[in-house]
>>> print(open('model-v8.cif').read())   # mmCIF, C-alpha atoms and all ligand atoms
data_my_file
loop_
_atom_site.label_atom_id
_atom_site.label_comp_id
_atom_site.auth_asym_id
_atom_site.auth_seq_id
_atom_site.Cartn_x
_atom_site.Cartn_y
_atom_site.Cartn_z
CA MET A 1 -36.04 1.14 8.94
CA ALA A 2 -34.65 3.31 11.69
CA MET A 3 -30.90 3.36 12.09
CA HIS A 4 -29.45 1.39 14.96
CA SER A 5 -28.30 3.72 17.74
CA ASN A 6 -27.76 3.67 21.51
CA GLN A 7 -27.62 5.93 24.53
CA ASN A 8 -25.09 5.86 27.40
CA TYR A 9 -23.01 3.33 25.57
CA SER A 10 -19.87 1.79 27.08
CA LEU A 11 -16.84 2.02 24.77
CA LYS A 12 -14.52 -0.17 26.88
CA SER A 13 -14.70 -3.07 24.45
CA SER A 14 -14.66 -0.68 21.47
CA ASN A 15 -11.08 0.54 22.04
CA SER A 16 -8.03 -1.71 21.93
CA PHE A 17 -6.44 0.13 24.90
CA ASN A 18 -9.39 -1.17 26.93
CA ILE A 19 -9.90 2.24 28.54
CA LYS A 20 -13.14 2.83 30.40
CA ALA A 21 -15.18 5.45 28.58
CA SER A 22 -18.74 5.95 27.50
CA CYS A 23 -20.65 8.20 25.16
CA SER A 24 -24.10 9.65 25.58
CA ARG A 25 -25.01 8.75 21.99
CA ILE A 26 -23.69 6.33 19.32
CA TYR A 27 -24.99 5.80 15.77
CA PHE A 28 -24.38 2.78 13.53
CA PRO A 29 -25.29 3.82 9.96
CA SER A 30 -25.25 0.99 7.40
CA SER A 31 -26.83 2.54 4.30
CA LEU A 32 -27.09 5.88 2.52
CA ALA A 33 -30.65 6.29 3.82
CA GLU A 34 -29.41 5.80 7.38
CA LEU A 35 -26.55 8.26 6.91
CA GLN A 36 -29.15 10.78 5.84
CA GLN A 37 -30.97 10.20 9.14
CA LEU A 38 -27.96 11.36 11.18
CA PRO A 39 -28.67 14.55 13.13
CA ASP A 40 -27.04 17.81 12.08
CA LEU A 41 -23.51 17.42 13.42
CA SER A 42 -22.20 20.84 12.49
CA SER A 43 -22.52 22.18 16.02
CA GLU A 44 -21.92 18.92 17.86
CA ASN A 45 -18.75 17.27 19.17
CA PHE A 46 -18.41 13.87 17.55
CA TYR A 47 -15.88 11.24 16.53
CA ILE A 48 -16.01 8.61 13.79
CA LEU A 49 -14.90 5.30 15.25
CA GLY A 50 -13.77 2.21 13.35
CA ASP A 51 -12.60 -0.79 15.38
CA GLY A 52 -10.93 1.51 17.93
CA SER A 53 -7.39 0.21 17.47
CA ASN A 54 -5.81 3.64 16.98
CA THR A 55 -7.93 5.61 19.43
CA LEU A 56 -7.27 6.75 22.99
CA PHE A 57 -10.23 7.93 25.05
CA VAL A 58 -8.48 10.50 27.19
CA GLU A 59 -11.46 11.09 29.50
CA SER A 60 -14.20 8.82 30.82
CA GLN A 61 -16.73 10.79 28.78
CA ALA A 62 -16.52 10.51 24.99
CA PRO A 63 -18.34 12.72 22.48
CA THR A 64 -21.13 11.48 20.22
CA ILE A 65 -19.79 8.49 18.26
CA ILE A 66 -20.57 7.38 14.72
CA GLN A 67 -19.46 3.84 13.93
CA PRO A 68 -20.15 3.00 10.27
CA LYS A 69 -21.48 -0.52 9.65
CA PHE A 70 -21.08 -0.87 5.87
CA ASN A 71 -20.26 -4.47 4.99
CA GLY A 72 -19.60 -6.65 1.95
CA ILE A 73 -16.80 -7.54 -0.46
CA ASN A 74 -17.20 -7.53 -4.24
CA ILE A 75 -14.59 -8.77 -6.74
CA VAL A 76 -14.50 -7.95 -10.46
CA GLU A 77 -11.86 -9.73 -12.53
CA GLN A 78 -10.36 -7.88 -15.53
CA ASP A 79 -7.70 -9.04 -18.00
CA ASP A 80 -4.71 -7.92 -16.00
CA HIS A 81 -6.07 -6.90 -12.61
CA PHE A 82 -8.77 -7.38 -9.98
CA ILE A 83 -11.04 -4.62 -8.74
CA VAL A 84 -12.10 -5.33 -5.15
CA THR A 85 -14.72 -3.16 -3.44
CA VAL A 86 -15.05 -3.47 0.32
CA GLY A 87 -17.41 -2.01 2.95
CA ALA A 88 -15.78 0.24 5.56
CA ALA A 89 -16.77 -1.97 8.51
CA GLU A 90 -15.04 -5.11 7.22
CA ASN A 91 -12.06 -6.22 9.29
CA TRP A 92 -8.71 -5.40 7.68
CA HIS A 93 -6.89 -8.65 8.45
CA ASP A 94 -9.89 -10.74 7.38
CA LEU A 95 -9.80 -8.89 4.05
CA VAL A 96 -6.07 -9.65 3.63
CA CYS A 97 -6.73 -13.38 4.26
CA PHE A 98 -9.79 -13.41 1.99
CA CYS A 99 -7.89 -11.82 -0.92
CA LEU A 100 -4.98 -14.25 -0.63
CA ASP A 101 -7.41 -17.20 -0.55
CA GLN A 102 -8.96 -15.89 -3.77
CA GLY A 103 -5.53 -15.71 -5.43
CA ILE A 104 -5.49 -11.89 -5.25
CA TYR A 105 -2.08 -10.71 -4.06
CA GLY A 106 -0.65 -7.44 -2.78
CA LEU A 107 -1.86 -6.97 0.80
CA GLU A 108 0.26 -9.77 2.34
CA ASN A 109 2.77 -7.34 3.92
CA LEU A 110 -0.14 -5.63 5.67
CA ALA A 111 -1.37 -8.79 7.41
CA LEU A 112 -2.40 -8.67 11.07
CA ILE A 113 -2.83 -4.90 11.26
CA PRO A 114 -5.74 -4.40 13.65
CA GLY A 115 -8.65 -2.24 12.56
CA SER A 116 -11.36 -1.78 9.96
CA VAL A 117 -11.05 -1.31 6.20
CA GLY A 118 -12.62 2.15 6.42
CA ALA A 119 -9.96 3.33 8.86
CA ALA A 120 -7.07 2.15 6.65
CA PRO A 121 -7.13 5.14 4.25
CA VAL A 122 -7.50 7.73 7.02
CA GLN A 123 -3.94 7.28 8.22
CA ASN A 124 -2.74 5.34 5.17
CA ILE A 125 -1.72 2.28 7.17
CA GLY A 126 1.65 0.80 6.28
CA ALA A 127 4.04 -1.94 7.29
CA TYR A 128 7.00 -3.88 5.90
CA GLY A 129 7.55 -1.67 2.86
CA VAL A 130 3.92 -1.53 1.67
CA GLU A 131 1.19 1.00 2.38
CA PHE A 132 -2.56 1.17 1.81
CA ALA A 133 -2.17 3.75 -0.96
CA ASP A 134 -0.18 1.30 -3.11
CA PHE A 135 -3.40 -0.59 -4.01
CA CYS A 136 -6.08 2.06 -3.53
CA GLN A 137 -8.13 2.96 -6.59
CA GLU A 138 -10.86 5.09 -5.05
CA ILE A 139 -12.73 5.85 -1.84
CA GLN A 140 -16.45 6.27 -1.46
CA TRP A 141 -17.08 9.06 1.02
CA TYR A 142 -20.33 10.41 2.44
CA GLU A 143 -20.43 14.18 2.88
CA PHE A 144 -22.51 15.40 5.84
CA SER A 145 -23.36 18.84 4.42
CA SER A 146 -24.66 17.70 1.00
CA GLU A 147 -25.92 14.32 2.31
CA THR A 148 -24.47 12.62 -0.77
CA LEU A 149 -21.81 10.03 -1.61
CA HIS A 150 -18.64 11.12 -3.43
CA SER A 151 -16.01 9.03 -5.21
CA LEU A 152 -12.50 10.23 -4.46
CA THR A 153 -9.65 9.02 -6.63
CA LYS A 154 -6.41 7.89 -5.02
CA GLN A 155 -4.79 11.18 -6.09
CA ALA A 156 -7.59 13.19 -4.50
CA CYS A 157 -6.96 11.39 -1.19
CA ARG A 158 -3.41 12.88 -0.96
CA PHE A 159 -1.91 9.92 0.81
CA ALA A 160 1.35 10.48 2.68
CA TYR A 161 3.11 8.82 5.62
CA ARG A 162 0.29 8.13 8.12
CA ASP A 163 -1.72 10.94 6.52
CA SER A 164 -4.48 11.67 4.01
CA ILE A 165 -7.09 14.29 3.11
CA PHE A 166 -9.41 12.64 5.67
CA LYS A 167 -7.16 13.98 8.44
CA GLN A 168 -6.81 17.35 6.69
CA GLU A 169 -9.32 19.27 4.51
CA ARG A 170 -12.06 16.68 4.75
CA TYR A 171 -11.58 16.04 8.44
CA ASN A 172 -14.96 15.44 10.16
CA LYS A 173 -16.82 16.65 7.06
CA GLY A 174 -17.99 13.15 6.22
CA LEU A 175 -17.13 9.47 6.55
CA ILE A 176 -15.74 6.65 4.44
CA THR A 177 -18.33 4.05 3.44
CA GLN A 178 -16.41 1.90 0.96
CA VAL A 179 -12.91 1.32 -0.38
CA THR A 180 -12.03 0.16 -3.91
CA PHE A 181 -8.68 -1.57 -4.57
CA ASN A 182 -6.87 -2.38 -7.79
CA PHE A 183 -4.62 -5.45 -7.62
CA PRO A 184 -2.52 -6.07 -10.74
CA LYS A 185 -2.26 -9.76 -11.65
CA ALA A 186 1.44 -9.26 -12.34
CA TRP A 187 2.63 -9.71 -8.76
CA GLN A 188 6.05 -9.58 -7.19
CA ALA A 189 6.85 -10.16 -3.54
CA ASN A 190 7.99 -7.01 -1.73
CA LEU A 191 10.86 -8.30 0.40
CA SER A 192 12.73 -5.04 0.90
CA TYR A 193 12.05 -4.62 4.64
CA ALA A 194 14.34 -6.05 7.32
CA GLY A 195 13.04 -9.45 8.37
CA LEU A 196 11.56 -10.25 4.97
CA ASP A 197 14.89 -10.02 3.13
CA THR A 198 15.75 -13.51 4.38
CA LEU A 199 12.89 -15.04 2.37
CA ALA A 200 13.59 -16.68 -1.00
CA LYS A 201 12.97 -14.36 -3.98
CA LYS A 202 10.41 -16.81 -5.32
CA SER A 203 8.34 -16.85 -2.12
CA THR A 204 4.57 -17.00 -2.57
CA ALA A 205 2.23 -14.35 -1.20
CA LYS A 206 1.12 -16.79 1.49
CA GLN A 207 4.73 -17.40 2.54
CA VAL A 208 5.28 -13.64 2.80
CA MET A 209 2.12 -13.31 4.87
CA ALA A 210 3.25 -16.09 7.20
CA GLN A 211 6.57 -14.30 7.75
CA VAL A 212 4.86 -10.95 8.37
CA ILE A 213 2.58 -12.63 10.91
CA ALA A 214 5.58 -14.26 12.60
CA LEU A 215 7.48 -10.94 12.75
CA ARG A 216 4.54 -8.97 14.08
CA SER A 217 3.63 -11.62 16.64
CA SER A 218 7.19 -11.67 17.98
CA LYS A 219 7.30 -7.90 18.61
CA LEU A 220 3.78 -6.54 18.84
CA PRO A 221 1.52 -7.55 21.72
CA ASP A 222 -1.91 -8.94 20.89
CA PRO A 223 -4.39 -6.26 22.07
CA LYS A 224 -6.68 -9.01 23.35
CA GLU A 225 -3.97 -10.18 25.74
CA LEU A 226 -2.21 -6.90 26.50
CA PRO A 227 -4.28 -3.88 25.46
CA ASN A 228 -2.42 -1.44 23.14
CA ALA A 229 -2.89 0.59 19.97
CA GLY A 230 0.15 -0.48 17.94
CA SER A 231 2.75 2.20 17.32
CA PHE A 232 1.87 5.04 19.65
CA PHE A 233 4.02 7.70 17.96
CA LYS A 234 4.73 8.38 14.30
CA ASN A 235 8.28 7.93 13.15
CA PRO A 236 9.60 11.50 13.16
CA ILE A 237 10.84 13.05 9.92
CA VAL A 238 13.80 15.45 10.14
CA ASN A 239 15.75 17.53 7.64
CA ASP A 240 19.17 16.72 6.25
CA ALA A 241 21.15 19.04 8.49
CA ASP A 242 19.50 17.85 11.70
CA PHE A 243 20.02 14.27 10.64
CA ALA A 244 23.71 14.80 9.90
CA GLN A 245 24.18 16.12 13.43
CA LEU A 246 22.33 13.19 14.96
CA GLN A 247 24.24 10.66 12.90
CA GLN A 248 27.52 12.16 13.96
CA GLN A 249 26.58 11.67 17.58
CA TYR A 250 24.81 8.32 17.09
CA PRO A 251 26.42 6.55 14.11
CA LYS A 252 24.08 3.57 14.43
CA ILE A 253 20.85 5.57 14.30
CA PRO A 254 18.33 3.77 12.03
CA HIS A 255 17.11 6.05 9.24
CA TYR A 256 14.98 5.88 6.13
CA PRO A 257 15.57 8.54 3.43
CA GLN A 258 12.30 9.92 2.01
CA LYS A 259 11.58 10.83 -1.61
CA ASN A 260 11.70 14.56 -0.81
CA GLY A 261 15.17 14.36 0.73
CA GLU A 262 14.02 14.36 4.35
CA ILE A 263 14.96 11.53 6.70
CA LYS A 264 12.58 9.37 8.69
CA LEU A 265 13.88 8.17 12.06
CA ALA A 266 12.73 5.15 14.09
CA ALA A 267 10.77 6.41 17.10
CA GLY A 268 11.07 2.95 18.70
CA TRP A 269 14.86 3.19 18.59
CA LEU A 270 14.86 6.70 20.08
CA ILE A 271 12.60 5.59 22.98
CA ASP A 272 14.70 2.44 23.46
CA GLN A 273 17.95 4.48 23.55
CA ALA A 274 16.35 6.88 26.01
CA GLY A 275 16.25 3.86 28.32
CA LEU A 276 12.48 3.41 28.34
CA LYS A 277 11.94 0.02 26.72
CA GLY A 278 10.05 -2.08 29.26
CA PHE A 279 9.51 0.95 31.51
CA ARG A 280 6.41 0.59 33.66
CA HIS A 281 4.55 3.20 35.69
CA GLY A 282 1.58 1.91 37.67
CA ASP A 283 -0.70 0.05 35.30
CA VAL A 284 0.72 1.41 32.04
CA GLY A 285 4.07 0.92 30.34
CA VAL A 286 6.36 0.65 27.33
CA HIS A 287 6.34 -2.77 25.66
CA GLN A 288 9.34 -5.02 26.31
CA GLN A 289 9.77 -6.10 22.68
CA GLN A 290 8.92 -2.86 20.84
CA ALA A 291 9.43 0.49 22.55
CA LEU A 292 7.06 2.25 20.15
CA VAL A 293 4.10 0.38 21.61
CA LEU A 294 2.53 1.59 24.87
CA VAL A 295 0.65 -1.09 26.77
CA ASN A 296 -2.12 -1.05 29.34
CA TYR A 297 -1.65 -3.58 32.16
CA GLY A 298 -5.07 -2.78 33.63
CA SER A 299 -5.60 0.95 33.93
CA GLU A 300 -9.09 2.29 33.21
CA LEU A 301 -7.86 5.85 32.70
CA GLY A 302 -6.75 7.27 29.38
CA ALA A 303 -5.05 10.09 31.31
CA GLU A 304 -2.47 7.58 32.62
CA ILE A 305 -1.44 6.70 29.07
CA ILE A 306 -1.20 10.44 28.33
CA SER A 307 1.14 10.99 31.30
CA LEU A 308 3.33 8.12 30.14
CA ALA A 309 3.39 9.43 26.56
CA LYS A 310 4.27 12.96 27.71
CA TYR A 311 7.08 11.53 29.85
CA ILE A 312 8.46 9.61 26.85
CA GLN A 313 8.17 12.72 24.70
CA ARG A 314 10.14 14.78 27.24
CA LYS A 315 12.86 12.13 27.63
CA VAL A 316 13.35 11.75 23.88
CA ALA A 317 13.31 15.53 23.34
CA LYS A 318 15.96 15.95 26.01
CA LYS A 319 18.29 13.29 24.62
CA PHE A 320 17.84 13.80 20.87
CA SER A 321 16.07 17.17 20.47
CA VAL A 322 13.50 15.30 18.38
CA SER A 323 9.79 15.84 18.88
CA LEU A 324 7.63 12.70 18.96
CA ILE A 325 4.04 13.16 17.76
CA PRO A 326 1.44 10.47 18.43
CA GLU A 327 -0.09 8.43 15.64
CA VAL A 328 -2.94 7.44 17.99
CA ARG A 329 -5.98 9.75 17.98
CA MET A 330 -6.75 11.57 21.24
CA ILE A 331 -10.47 11.81 22.07
CA THR A 332 -11.91 14.00 24.84
CA HIS A 333 -15.59 14.66 25.62
CA LYS A 334 -15.29 17.65 23.30
CA GLY A 335 -14.06 15.55 20.38
CA GLU A 336 -10.54 15.00 19.05
CA ARG A 337 -7.70 17.09 20.45
CA SER A 338 -4.02 17.44 19.62
CA PHE A 339 -1.62 15.73 22.01
CA SER A 340 0.16 19.00 22.75
CA SER A 341 -3.07 20.63 23.89
CA LEU A 342 -3.78 17.93 26.49
CA SER A 343 -2.66 18.66 30.01
CA ASP A 344 -0.58 16.20 31.97
CA LEU A 345 -2.64 15.76 35.12
CA ASN A 346 -0.10 13.67 36.97
CA PRO A 347 3.39 14.13 35.48
CA ILE A 348 5.63 11.08 35.96
CA GLU A 349 8.79 13.02 36.61
CA ASN A 350 9.59 16.59 35.79
CA ILE A 351 12.27 16.91 33.17
CA THR A 352 13.28 20.31 31.92
CA VAL A 353 13.78 20.43 28.18
CA ILE A 354 16.60 22.82 27.39
CA GLY A 355 15.84 25.48 24.82
CA ASP A 356 12.53 26.59 23.41
CA GLY A 357 10.14 24.61 21.22
CA ASN A 358 11.76 25.98 18.07
CA SER A 359 14.98 24.14 18.69
CA ILE A 360 13.19 20.80 18.80
CA ARG A 361 13.49 18.91 15.51
CA GLY A 362 10.65 17.26 13.67
CA SER A 363 7.13 18.06 12.60
CA SER A 364 4.79 20.01 14.82
CA ASP A 365 1.64 18.71 16.44
CA ASP A 366 -1.55 19.62 14.61
N1 LIG B 401 13.94 -0.42 17.28
C1 LIG B 401 14.70 -0.47 18.43
N2 LIG B 401 14.06 -0.67 19.62
C2 LIG B 401 12.73 -0.82 19.70
C3 LIG B 401 11.94 -0.75 18.54
C4 LIG B 401 12.59 -0.54 17.33
O1 LIG B 401 15.92 -0.33 18.39
O2 LIG B 401 12.24 -1.01 20.83
C5 LIG B 401 14.62 -0.23 15.98
C6 LIG B 401 14.57 -1.52 15.16
O3 LIG B 401 15.63 -2.37 15.47
C7 LIG B 401 14.65 -0.98 13.75
C8 LIG B 401 13.91 0.35 13.83
O4 LIG B 401 13.91 0.71 15.21
O5 LIG B 401 15.98 -0.69 13.41
C9 LIG B 401 12.48 0.25 13.29
O6 LIG B 401 11.74 -0.71 14.02
P1 LIG B 401 10.61 -1.62 13.34
O7 LIG B 401 11.11 -2.23 12.09
O8 LIG B 401 10.06 -2.52 14.37
O9 LIG B 401 9.48 -0.61 12.85
P2 LIG B 401 8.92 0.75 13.46
O10 LIG B 401 9.50 1.89 12.69
O11 LIG B 401 9.07 0.77 14.93
C10 LIG B 401 6.94 0.88 11.74
C11 LIG B 401 5.47 1.13 11.80
C12 LIG B 401 4.74 -0.12 12.25
C13 LIG B 401 5.05 -1.24 11.30
C14 LIG B 401 6.56 -1.46 11.27
C15 LIG B 401 6.98 -2.53 10.29
C16 LIG B 401 5.17 3.49 12.30
C17 LIG B 401 4.78 4.51 13.34
N3 LIG B 401 5.18 2.22 12.70
O12 LIG B 401 7.37 0.64 13.08
O13 LIG B 401 3.36 0.17 12.20
O14 LIG B 401 4.41 -2.44 11.68
O15 LIG B 401 7.21 -0.23 10.89
O16 LIG B 401 6.87 -2.05 8.99
O17 LIG B 401 5.41 3.87 11.16
C18 LIG B 401 1.58 0.98 13.55
O18 LIG B 401 1.59 1.98 12.83
O19 LIG B 401 0.75 0.84 14.50
C19 LIG B 401 2.57 -0.04 13.32
C20 LIG B 401 2.70 -1.10 14.13
#
>>> encode(input="model-v8.cif", output="structure tokens", more="lines below")
Ligand code: EPU
Amino acid sequence: MAMHSNQNYSLKSSNSFNIKASCSRIYFPSSLAELQQLPDLSSENFYILGDGSNTLFVESQAPTIIQPKFNGINIVEQDDHFIVTVGAAENWHDLVCFCLDQGIYGLENLALIPGSVGAAPVQNIGAYGVEFADFCQEIQWYEFSSETLHSLTKQACRFAYRDSIFKQERYNKGLITQVTFNFPKAWQANLSYAGLDTLAKKSTAKQVMAQVIALRSSKLPDPKELPNAGSFFKNPIVNDADFAQLQQQYPKIPHYPQKNGEIKLAAGWLIDQAGLKGFRHGDVGVHQQQALVLVNYGSELGAEIISLAKYIQRKVAKKFSVSLIPEVRMITHKGERSFSSLSDLNPIENITVIGDGNSIRGSSDD
């Protein structure tokens, strides 16, 4: 059977920012045979789209899109753990609910994260003290050049904070078709994160999930009601010396020490302290309850979100000398681009950042 595909396809309902964009070609592969029917993409601009909840179409024209449609959930019970294999196109939150209903625990802290299962490993989604990698066993990945499926172990995926091999060496060289999880039967609630620490130690997985849903719903806007893509920026990671300086100036600065000695800061706090929580410019703005979330009140233009994001970046750089890098993926008609390479067509307000780029703390844009 021929693979399902379309021409001149509107992507407005395929991105949670609800930006108006379309692509000249979209493919929906759902089997190995269909993947093998994909055209040669080596010289083409393309983007692999999941549910579109971490994607910003910067221009009205998008490149060729591939949206994998692999479905199905399979559970194998072993003595002390469950192996759960899930198709990339399954919805993440539905999977969390399904597992809990089956008595399989572990994903409860990751409830209500928008998006597909196949997108979860790409940026190693995380929330409330748990991340995707904690339960990942292996990833099935289709390689375009060899036209074959590969199994990648968790170690091979090189998961890090909002990062994996799929954003690095294997970027655009293939796509994820299936994810395999390992859930140990010995389960303990992870209540370390602020907001969950009020729960009783003996809370059930379902009670933890209910609390996570309550927390998220109180701070994060529902994309169906107020279009957004969750956290817009990554939480910046700075070195010890830079952090010491910041802490001296801002004793209350929230911070999370990392295993390697570096310090993760809260981008939402930085934006909030820069006075931008609830800021609105035209039809786009900064969410009232969580400054890390940019919201779309009705704009059709991705460029307006870019101008807002660049404005926030300048304000935060000026006040804290910290560089904010988006977590959201930026898609132009030529494919994905780094945020720093995008021009600001209509700057909100010109702010001069003192010093050169080298004096700005934090990781660089890639
Ligand atoms: N804060 C403020 N003002 C704000 C927002 C936050 O002062 O407007 C402060 C909070 O009071 C807290 C700190 O900043 O002290 C951190 O805030 P929060 O716990 O809400 O989490 P976050 O760092 O803003 C991260 C993830 C979220 C995830 C939450 C909960 C990133 C980029 N974001 O946000 O993930 O849900 O932790 O674990 O790592 C996403 O990636 O799309 C996402 C929503």
>>> residues_near_ligand(input="model-v8.cif", ligand="ligand LIG 401 (chain B)", cutoff="7 Å", atoms="all atoms listed in the file", output="PyMOL selection string")
chain A and resi 125-129+194+216+229-235+254+266-269+271-272+277+289-292+327
>>> residues_around(input="model-v8.cif", residues="Cys157 (chain A)", least_positions_apart="6", cutoff="12 Å", atoms="only C-alpha atoms", output="number ranges by chain")
A: 121-124, 132-133, 136-141, 150-151, 163-171, 176, 179
>>> closest_residue(input="model-v8.cif", among="A:Leu107, A:Val58, A:Ala2, A:Ile65", to="Gln37 (chain A)", atoms="all atoms listed in the file")
A:Ala2
>>> atom_distance(input="model-v8.cif", atom1="CA of Val212 (chain A)", atom2="CA of Asn109 (chain A)")
6.1 Å
>>> residues_near_point(input="model-v8.cif", point="(-15.6, 8.7, 11.4)", cutoff="8 Å", atoms="all atoms listed in the file", output="list in words")
Tyr47, Ile48, Leu49, Gly50, Ile66, Gln67, Pro68, Asn172, Gly174, Leu175 and Ile176 of chain A
>>> atom_distance(input="model-v8.cif", atom1="CA of Ser10 (chain A)", atom2="CA of Tyr27 (chain A)")
13.0 Å
>>> closest_residue(input="model-v8.cif", among="A:Pro184, A:Ile312, A:Leu100, A:Leu345", to="Gln78 (chain A)", atoms="all atoms listed in the file")
A:Pro184
>>> closest_residue(input="model-v8.cif", among="A:Gly362, A:Ile348, A:Tyr105, A:Tyr161", to="Leu324 (chain A)", atoms="only C-alpha atoms")
A:Gly362
>>> closest_residue(input="model-v8.cif", among="A:Ser307, A:Gln61, A:Asn228, A:Gln288", to="Arg25 (chain A)", atoms="only C-alpha atoms")
A:Gln61
>>> axis_aligned_box(input="model-v8.cif", around="region 175-193 of chain A", padding_each_side="4 Å", output="AutoDock Vina command-line options")
--center_x -2.8 --center_y -0.3 --center_z -2.9 --size_x 39.1 --size_y 27.6 --size_z 26.9
>>> decode(input="model-v8.cif", residues="region 332-349 of chain A", atoms="C-alpha atoms", output="CSV table (one decimal), in the first residue's frame")
chain,number,residue,atom,x,y,z
A,332,THR,CA,12.0,28.0,8.6
A,333,HIS,CA,11.2,27.0,5.0
A,334,LYS,CA,14.8,25.8,4.8
A,335,GLY,CA,14.5,23.5,7.8
A,336,GLU,CA,15.5,23.9,11.4
A,337,ARG,CA,17.6,27.0,12.4
A,338,SER,CA,19.3,28.1,15.6
A,339,PHE,CA,17.5,30.9,17.4
A,340,SER,CA,20.6,33.1,17.2
A,341,SER,CA,20.7,32.9,13.4
A,342,LEU,CA,17.1,34.2,13.1
A,343,SER,CA,16.7,37.8,12.4
A,344,ASP,CA,14.4,40.0,14.5
A,345,LEU,CA,12.2,41.5,11.8
A,346,ASN,CA,10.4,43.9,14.1
A,347,PRO,CA,12.3,44.4,17.4
A,348,ILE,CA,10.1,45.3,20.4
A,349,GLU,CA,12.5,47.8,21.9
